[in-house]
$ cat my_file33.txt   # compact mmCIF, C-alpha atoms
# COMPACT_ATOMS: atom_id res chain seq x y z
CA MET I 1 -44.06 -129.72 80.75
CA LYS I 2 -45.00 -126.74 82.91
CA PHE I 3 -48.12 -124.65 83.42
CA TRP I 4 -47.59 -120.98 82.49
CA ASP I 5 -49.49 -117.96 83.76
CA SER I 6 -49.87 -114.93 81.48
CA SER I 7 -47.59 -112.90 83.75
CA ALA I 8 -44.70 -115.23 82.92
CA LEU I 9 -45.30 -115.16 79.17
CA ILE I 10 -45.02 -111.38 78.76
CA PRO I 11 -41.24 -111.42 79.51
CA LEU I 12 -40.86 -113.81 76.58
CA CYS I 13 -42.49 -111.22 74.32
CA LEU I 14 -40.81 -108.10 75.69
CA ILE I 15 -37.43 -107.33 77.21
CA GLU I 16 -38.00 -107.04 80.96
CA THR I 17 -35.87 -107.60 84.04
CA SER I 18 -37.21 -111.15 84.35
CA SER I 19 -36.81 -112.01 80.65
CA GLU I 20 -33.50 -113.84 81.03
CA ASP I 21 -34.74 -116.13 83.81
CA ILE I 22 -38.07 -116.75 82.09
CA THR I 23 -36.37 -117.50 78.75
CA ARG I 24 -34.14 -120.05 80.47
CA ILE I 25 -37.23 -121.76 81.92
CA ALA I 26 -38.97 -121.72 78.52
CA ARG I 27 -35.98 -123.34 76.85
CA SER I 28 -36.19 -126.22 79.32
CA ASP I 29 -39.93 -126.72 78.74
CA GLU I 30 -40.91 -129.18 76.03
CA ASP I 31 -44.55 -128.07 76.03
CA ILE I 32 -45.96 -124.84 77.47
CA VAL I 33 -49.42 -125.42 78.95
CA VAL I 34 -51.77 -122.47 79.47
CA TRP I 35 -55.37 -121.57 80.24
CA TRP I 36 -57.61 -121.04 77.20
CA ALA I 37 -57.83 -117.23 77.68
CA THR I 38 -54.10 -116.68 78.15
CA ARG I 39 -53.49 -115.15 74.74
CA VAL I 40 -56.25 -112.58 75.36
CA GLU I 41 -54.78 -111.76 78.78
CA CYS I 42 -51.34 -111.26 77.23
CA LEU I 43 -52.76 -109.07 74.45
CA SER I 44 -54.55 -107.03 77.11
CA ALA I 45 -51.25 -106.44 78.92
CA LEU I 46 -49.55 -105.38 75.70
CA ALA I 47 -52.44 -103.07 74.72
CA ARG I 48 -52.45 -101.48 78.18
CA ARG I 49 -48.72 -100.75 77.96
CA HIS I 50 -49.18 -99.28 74.51
CA ARG I 51 -52.07 -97.03 75.66
CA GLU I 52 -49.99 -95.87 78.63
CA GLY I 53 -47.15 -94.91 76.30
CA ILE I 54 -44.78 -97.51 77.75
CA LEU I 55 -44.71 -99.68 74.63
CA PRO I 56 -44.10 -98.04 71.24
CA SER I 57 -46.06 -99.33 68.22
CA ASP I 58 -43.09 -101.14 66.66
CA ALA I 59 -42.28 -102.94 69.93
CA GLU I 60 -45.96 -103.81 70.35
CA SER I 61 -46.03 -105.37 66.87
CA LYS I 62 -42.91 -107.43 67.59
CA ALA I 63 -44.28 -108.57 70.97
CA LYS I 64 -47.58 -109.62 69.37
CA ALA I 65 -45.70 -111.59 66.71
CA VAL I 66 -43.76 -113.45 69.42
CA LEU I 67 -46.99 -114.09 71.34
CA TYR I 68 -48.76 -115.47 68.27
CA ALA I 69 -45.77 -117.72 67.53
CA LEU I 70 -45.82 -119.03 71.11
CA SER I 71 -49.58 -119.56 71.04
CA ALA I 72 -49.32 -121.60 67.85
CA GLU I 73 -47.20 -124.11 69.78
CA TRP I 74 -48.56 -124.17 73.32
CA SER I 75 -51.25 -126.49 74.71
CA GLU I 76 -54.44 -124.98 76.12
CA ILE I 77 -56.73 -126.15 78.91
CA LEU I 78 -60.24 -125.46 77.61
CA PRO I 79 -63.11 -123.98 79.63
CA GLY I 80 -66.05 -125.99 80.90
CA GLU I 81 -68.30 -126.58 83.89
CA ARG I 82 -65.59 -128.47 85.81
CA MET I 83 -63.27 -125.49 85.34
CA ARG I 84 -65.92 -123.02 86.48
CA LYS I 85 -66.65 -124.99 89.66
CA ARG I 86 -62.95 -125.29 90.44
CA ALA I 87 -62.43 -121.54 89.87
CA GLU I 88 -65.39 -120.74 92.11
CA ARG I 89 -63.91 -122.82 94.94
CA LEU I 90 -60.54 -121.14 94.54
CA LEU I 91 -62.08 -117.67 94.96
CA PHE I 92 -63.12 -118.60 98.50
CA THR I 93 -59.91 -120.47 99.30
CA HIS I 94 -57.33 -117.91 98.13
CA SER I 95 -57.01 -114.17 97.61
CA LEU I 96 -57.54 -114.29 93.85
CA ARG I 97 -59.34 -112.28 91.21
CA ALA I 98 -61.62 -114.07 88.75
CA ALA I 99 -59.06 -114.36 85.92
CA ASP I 100 -56.43 -115.74 88.28
CA SER I 101 -58.89 -118.26 89.72
CA TYR I 102 -59.39 -119.56 86.17
CA GLN I 103 -55.62 -119.74 85.66
CA LEU I 104 -55.18 -121.82 88.80
CA ALA I 105 -58.25 -123.95 88.06
CA ALA I 106 -56.83 -124.73 84.62
CA ALA I 107 -53.50 -125.68 86.19
CA LEU I 108 -55.25 -128.01 88.65
CA ILE I 109 -57.22 -129.66 85.85
CA TRP I 110 -53.99 -130.08 83.86
CA ALA I 111 -52.43 -131.64 86.99
CA GLU I 112 -55.45 -133.95 87.36
CA GLU I 113 -55.89 -132.47 90.86
CA LYS I 114 -52.43 -133.77 91.89
CA PRO I 115 -50.11 -130.73 91.58
CA GLN I 116 -47.35 -132.04 93.85
CA GLY I 117 -44.07 -131.93 91.93
CA LEU I 118 -45.56 -130.15 88.91
CA GLU I 119 -44.19 -126.74 87.94
CA PHE I 120 -46.19 -123.53 87.71
CA VAL I 121 -44.47 -120.56 86.04
CA CYS I 122 -45.82 -117.27 87.37
CA LEU I 123 -44.70 -113.74 88.26
CA ASP I 124 -47.95 -112.62 89.95
CA GLN I 125 -47.61 -112.57 93.75
CA ASN I 126 -51.17 -113.57 94.75
CA LEU I 127 -51.45 -116.28 92.12
CA SER I 128 -47.98 -117.60 93.01
CA GLU I 129 -48.94 -117.90 96.68
CA ALA I 130 -52.17 -119.68 95.81
CA ALA I 131 -50.37 -122.10 93.46
CA LEU I 132 -47.85 -122.92 96.20
CA ARG I 133 -50.64 -123.52 98.69
CA GLU I 134 -52.33 -125.86 96.21
CA GLY I 135 -49.09 -127.88 95.98
CA PHE I 136 -47.35 -126.70 92.79
CA VAL I 137 -43.62 -126.08 92.53
CA LEU I 138 -43.29 -122.41 91.70
CA LEU I 139 -40.91 -121.05 89.05
CA PRO I 140 -38.89 -118.87 88.87
$ encode --input "my_file33.txt" --output "structure tokens"
Amino acid sequence: MKFWDSSALIPLCLIETSSEDITRIARSDEDIVVWWATRVECLSALARRHREGILPSDAESKAKAVLYALSAEWSEILPGERMRKRAERLLFTHSLRAADSYQLAAALIWAEEKPQGLEFVCLDQNLSEAALREGFVLLP
């Protein structure tokens, strides 16, 4: 079981340079764990690429189908006051944006505040650094 950031899920939905490594990690994970808003974040990334002309409509439809299939199987960490307080602390501890502070707060709640030895799958530089500093093992 690993915690997955949105940045690491997109290469499962689209063919990218990191797709092979990320797919290998996903195959070894019995249960993908994500933050409650992850599907929306992933859809936002796909929509942005489509608007920018990077992702044709047919590829967008296929990527969304993969995302919906993944989201039907993954486990989600739900929002709440504990999550908000944790995310607020993280904003002043690390160089994170609001959405990333929620990602890391969700991971810490999943880890029951003991992230040592637990894996965090992420391709975002700032979030990766913060997760490492909090004690997670970073993949890839």
$ closest_residue --input "my_file33.txt" --among "I:Pro79, I:Ile54, I:Leu139, I:Ile10" --to "Asp29 (chain I)" --atoms "all atoms listed in the file"
I:Leu139
$ closest_residue --input "my_file33.txt" --among "I:Leu12, I:Met1, I:Val40, I:Leu70" --to "Arg24 (chain I)" --atoms "only C-alpha atoms"
I:Leu12
$ residues_around --input "my_file33.txt" --residues "Ala99 (chain I)" --least-positions-apart "6" --cutoff "9 Å" --atoms "all atoms listed in the file" --output "PyMOL selection string"
chain I and resi 37+41+87
$ closest_residue --input "my_file33.txt" --among "I:Ser18, I:Ser7, I:Ser28, I:Ser71" --to "Glu119 (chain I)" --atoms "all atoms listed in the file"
I:Ser28
$ closest_residue --input "my_file33.txt" --among "I:Ile109, I:Val121, I:Glu73, I:Leu9" --to "Arg86 (chain I)" --atoms "all atoms listed in the file"
I:Ile109
$ closest_residue --input "my_file33.txt" --among "I:Leu91, I:Leu127, I:Arg48, I:Glu30" --to "Asp5 (chain I)" --atoms "only C-alpha atoms"
I:Leu127
$ atom_distance --input "my_file33.txt" --atom1 "CA of Asp124 (chain I)" --atom2 "CA of Glu112 (chain I)"
22.8 Å
$ atom_distance --input "my_file33.txt" --atom1 "CA of Leu132 (chain I)" --atom2 "CA of Ala72 (chain I)"
28.4 Å
$ residues_around --input "my_file33.txt" --residues "Val34 (chain I)" --least-positions-apart "6" --cutoff "6 Å" --atoms "only C-alpha atoms" --output "PyMOL selection string"
chain I and resi 3-4+76
